[in-house]
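The next block holds one structure in the form of structure tokens; read it before the comments.
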Amino acid sequence: MGVPLLDLKAQYRELQTELDAAIGEVMANAAFIGGPKVAELERAIAEYCGTRHAVACANGTDALFLLMAALGIGRGDEVITTPFTFWATVECIVHVGATPVFVDIEPGTYNMDIAQLEAAVTERTKAILPVHIFGQCVDMDPLLEIAERHGLIVIEDACQAIGATYQGKRAGSLARAAAFSFFPSKNLGCAGDGGILTTDDDELAAKARELAAHGSTRKYYHDSFGVNSRLDALQAAILLVKLPHLDRWNAERRAAAAVYDELLAGIDGLELPVVRDYGEAVYHLYIVKTASAEAAERVMGAMAEAGIGTALYYPLALHEQAAFDTIAGWERPSLPVAESCDARTFALPCFPGITREQQETVVGVVMEALRS
Ligand SMILES: *Cc1c(COP(=O)(O)O)cnc(C)c1O
């Protein structure tokens, strides 16, 4: 019996009647770009995250880019971030003309190691871009304290962490602004690409909205050079059906993670994810780490053979990516913890609705492969 990494078909079956009706309504109204569904989603997400504003856009990458651009981050500025994240995090820094500066991660949570953050601040540092990786918030209090001391902007990359909390507050409301992705496999996913940014800052929200609409607030009059980054009404309608179920789905992910924690406790040669008690994680992914890349390859091979979904997150840390060779004068830093994850950290199936039996199957295959 195989186990998928994520079961999106089951999620559709669960909500099929409502989803089909919502899609049908958009088709019947033929308002495909912007309109009431997008506005309704923006209000719902702002309320969910506890922010004054949410601005929908085409994807999570654009949400990050729009924030960078709207905040005036650009040439000559340094932005401190983590090397252990999806590539989009660093892409948006480079695309506004700024320079990424990487701080190593801490083992276990895979989040930026705040103890090493302040040493990375220079007089050119303009912003910090922490990523709540795999659905667990970064330790924001000490991070914000350092940011305050040096007058730095903080933007959350919350693309993997919708619904996660830190000291009782939701991801997306923990800093100046935040970016979310609605990519289908994210904890709240649409049926294509989608994204949104959140902030309490009226001016920032207005600027990001203007930039996302070709630098325009009035049709055919342009105050700046923006981009075309819109969320479709169809995607908004789908997300509005799914949002009321998000907290339950996240709770089911946490329950599944607790089962893995229990079944895999004390296994030699396998590091389990570490979760801090300052908030609730939403387990976008349940990541384990083996003692070597060979062991990871062996376990993942056995999983694939048994029809169990898995993937490396991430096979290669960002500061080691070939793209940096194209940046003149860029010096590759040494980040031993992030590098120790290369080809060794991978996901076990962990999704809403996964059964204990499915998890036992996964654990059986993993343990046997580790022993061989
Ligand atoms: C998914 C993701 C993004 C990008 O989101 P898209 O919607 O795919 O553009 C950015 N950062 C992180 C950490 C992500 O996981």
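By order of appearance in the structure tokens: chains A, B, ..., then residues from 1 within every chain, and ligands from 1 in the order shown.
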**Study point:** segment 316-332 of chain A surroundings by only C-alpha atoms, 9 Å radius, close-in-sequence under 3 positions cut, as a list in words
**Key:**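 Everything that qualifies: Thr82, Pro83, Phe84, Thr85, Phe86, Trp87, Val90, Thr99, Phe102, Tyr313, Leu335, Ala338, Glu339, Cys341, Asp342 and Ala343 of chain A.
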Residue subset to file, keeping N, CA and C atoms, as a compact mmCIF listing (two decimals), in the first residue's frame:
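See selection.txt below for the written result:
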# COMPACT_ATOMS: atom_id res chain seq x y z
N THR A 82 18.11 33.38 5.31
CA THR A 82 18.57 32.03 5.61
C THR A 82 18.95 31.29 4.33
N PRO A 83 19.95 30.42 4.39
CA PRO A 83 20.32 29.65 3.21
C PRO A 83 19.47 28.40 3.03
N PHE A 84 18.57 28.14 3.99
CA PHE A 84 17.83 26.87 3.95
C PHE A 84 16.35 27.18 3.76
N THR A 85 16.00 27.40 2.50
CA THR A 85 14.64 27.81 2.14
C THR A 85 14.46 27.56 0.67
N PHE A 86 13.26 27.81 0.17
CA PHE A 86 13.05 27.72 -1.27
C PHE A 86 13.73 28.93 -1.94
N TRP A 87 14.21 28.72 -3.13
CA TRP A 87 15.01 29.69 -3.87
C TRP A 87 14.35 31.06 -4.01
N VAL A 90 15.48 34.19 -1.93
CA VAL A 90 16.68 34.95 -2.26
C VAL A 90 16.54 35.64 -3.62
N THR A 99 21.63 42.81 -2.07
CA THR A 99 22.56 41.70 -1.90
C THR A 99 22.11 40.81 -0.75
N PHE A 102 23.72 35.66 4.08
CA PHE A 102 23.16 34.47 4.72
C PHE A 102 23.66 34.28 6.15
N TYR A 313 14.28 18.15 1.00
CA TYR A 313 14.08 19.58 1.27
C TYR A 313 15.22 20.00 2.18
N LEU A 335 28.72 27.93 5.69
CA LEU A 335 27.59 27.81 6.62
C LEU A 335 27.41 26.33 6.94
N ALA A 338 23.83 24.47 7.55
CA ALA A 338 23.03 24.37 6.32
C ALA A 338 23.66 23.35 5.37
N GLU A 339 24.99 23.40 5.25
CA GLU A 339 25.67 22.47 4.34
C GLU A 339 25.53 21.02 4.81
N CYS A 341 23.01 19.71 5.83
CA CYS A 341 21.68 19.21 5.45
C CYS A 341 21.61 18.77 4.00
N ASP A 342 22.60 19.18 3.19
CA ASP A 342 22.56 18.88 1.76
C ASP A 342 22.34 17.40 1.52
N ALA A 343 21.30 17.08 0.76
CA ALA A 343 20.99 15.70 0.36
C ALA A 343 20.78 14.76 1.55
Review point. Mind listing the residues within 6 Å of ligand 1, only C-alpha atoms and all ligand atoms counted, as a PyMOL selection string?
Key: chain A and resi 59-61+85-86+88-89+131+157+159-160+181-183+193-195
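Taking atom CA of Ala179 of chain A as the reference point, atom CA of His245 of chain A is found at 20.5 Å.
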Check your understanding: DSSP says strand (DSSP E or B) for which residues of segment 191-334 of chain A? Put them as a list of chain:residue names?
Key ->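 Going through segment 191-334 of chain A, the strand (DSSP E or B) residues come out as A:Gly195, A:Ile196, A:Leu197, A:Thr198, A:Thr199, A:Ala213, A:Ser216, A:Thr217, A:Arg218, A:Tyr221, A:His222, A:Asn228, A:Asp232, A:Leu270, A:Glu271, A:Tyr286, A:Ile287, A:Val288, A:Lys289, A:Thr290, A:Ile308, A:Leu312.
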Would you write out those residues with C-alpha atoms, as a PDB file, in the first residue's frame?
ATOM      1  CA  GLY A 195      -0.137  34.613  -3.188  1.00  0.00           C
ATOM      2  CA  ILE A 196      -0.884  37.363  -0.717  1.00  0.00           C
ATOM      3  CA  LEU A 197       0.998  39.810   1.479  1.00  0.00           C
ATOM      4  CA  THR A 198      -0.064  41.072   4.882  1.00  0.00           C
ATOM      5  CA  THR A 199       0.808  44.216   6.833  1.00  0.00           C
ATOM      6  CA  ALA A 213      -1.236  46.768 -10.752  1.00  0.00           C
ATOM      7  CA  SER A 216      -1.367  52.325 -11.176  1.00  0.00           C
ATOM      8  CA  THR A 217      -4.202  53.274  -8.839  1.00  0.00           C
ATOM      9  CA  ARG A 218      -6.312  54.765 -11.604  1.00  0.00           C
ATOM     10  CA  TYR A 221      -2.528  56.516 -15.221  1.00  0.00           C
ATOM     11  CA  HIS A 222       0.782  55.242 -13.823  1.00  0.00           C
ATOM     12  CA  ASN A 228       1.317  42.590 -13.429  1.00  0.00           C
ATOM     13  CA  ASP A 232      -7.679  35.257 -10.245  1.00  0.00           C
ATOM     14  CA  LEU A 270      17.647   9.682  12.315  1.00  0.00           C
ATOM     15  CA  GLU A 271      17.193  13.253  13.579  1.00  0.00           C
ATOM     16  CA  TYR A 286       7.779  16.740   8.448  1.00  0.00           C
ATOM     17  CA  ILE A 287      11.531  16.623   7.862  1.00  0.00           C
ATOM     18  CA  VAL A 288      13.973  13.997   9.068  1.00  0.00           C
ATOM     19  CA  LYS A 289      17.746  14.003   8.723  1.00  0.00           C
ATOM     20  CA  THR A 290      20.019  11.022   8.299  1.00  0.00           C
ATOM     21  CA  ILE A 308       5.768   6.154  -0.469  1.00  0.00           C
ATOM     22  CA  LEU A 312      14.704  16.203  -0.380  1.00  0.00           C
TER      23      LEU A 312
END
Check your understanding: Hey, which of A:Ala56, A:Asp139, A:Cys49, A:Glu360 ends up closest to Asp247 of chain A? Count only C-alpha atoms.
Key ->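 Smallest separation from Asp247 of chain A among the options: A:Cys49.
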Practice item. As a VMD selection string, list the residues of segment 24-210 of chain A assigned to alpha helix (DSSP H) by DSSP on the backbone atoms of this structure. Key: chain A and resid 24 to 29 36 to 49 60 to 70 88 to 95 140 to 150 202 to 210
**Study point:** Shortest interatomic distance to Leu6 of chain A - which of A:Ala31, A:Ala158, A:Met68, A:Ala311, counting only C-alpha atoms
**Key:**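 Residue with the minimum atom-to-atom distance to Leu6 of chain A: A:Ala311.
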Practice item. Measuring atom to atom with only C-alpha atoms, identify which of A:Arg75, A:Ala251, A:Glu368, A:Gly266 is nearest to Gly301 of chain A. Key: A:Glu368
Neighbours of Val337 of chain A within 8 Å (only C-alpha atoms; same-chain residues fewer than 5 positions away dropped), as a CSV table (one decimal) with all heavy atoms, in the first residue's frame?
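The file below, out-v8.csv, is the result:
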chain,number,residue,atom,x,y,z
A,104,ASP,N,23.6,31.3,9.1
A,104,ASP,CA,23.4,29.8,9.2
A,104,ASP,C,22.2,29.5,10.0
A,104,ASP,O,21.6,30.3,10.7
A,104,ASP,CB,24.7,29.2,9.8
A,104,ASP,CG,24.8,27.7,9.3
A,104,ASP,OD1,23.9,27.2,8.6
A,104,ASP,OD2,25.9,27.1,9.7
A,105,ILE,N,21.7,28.3,9.9
A,105,ILE,CA,20.5,27.8,10.6
A,105,ILE,C,20.9,27.0,11.8
A,105,ILE,O,22.1,26.7,12.0
A,105,ILE,CB,19.7,26.9,9.6
A,105,ILE,CG1,20.5,25.7,9.1
A,105,ILE,CG2,19.2,27.7,8.5
A,105,ILE,CD1,19.7,24.6,8.4
A,106,GLU,N,19.9,26.8,12.7
A,106,GLU,CA,20.1,26.0,13.8
A,106,GLU,C,19.7,24.5,13.5
A,106,GLU,O,18.7,24.3,12.8
A,106,GLU,CB,19.4,26.5,15.1
A,106,GLU,CG,18.0,26.9,14.9
A,106,GLU,CD,17.3,27.3,16.1
A,106,GLU,OE1,17.9,27.7,17.1
A,106,GLU,OE2,16.0,27.0,16.2
A,107,PRO,N,20.4,23.6,14.1
A,107,PRO,CA,20.0,22.2,13.8
A,107,PRO,C,18.6,21.9,14.4
A,107,PRO,O,18.2,22.5,15.4
A,107,PRO,CB,21.1,21.3,14.5
A,107,PRO,CG,22.1,22.3,15.0
A,107,PRO,CD,21.5,23.7,15.0
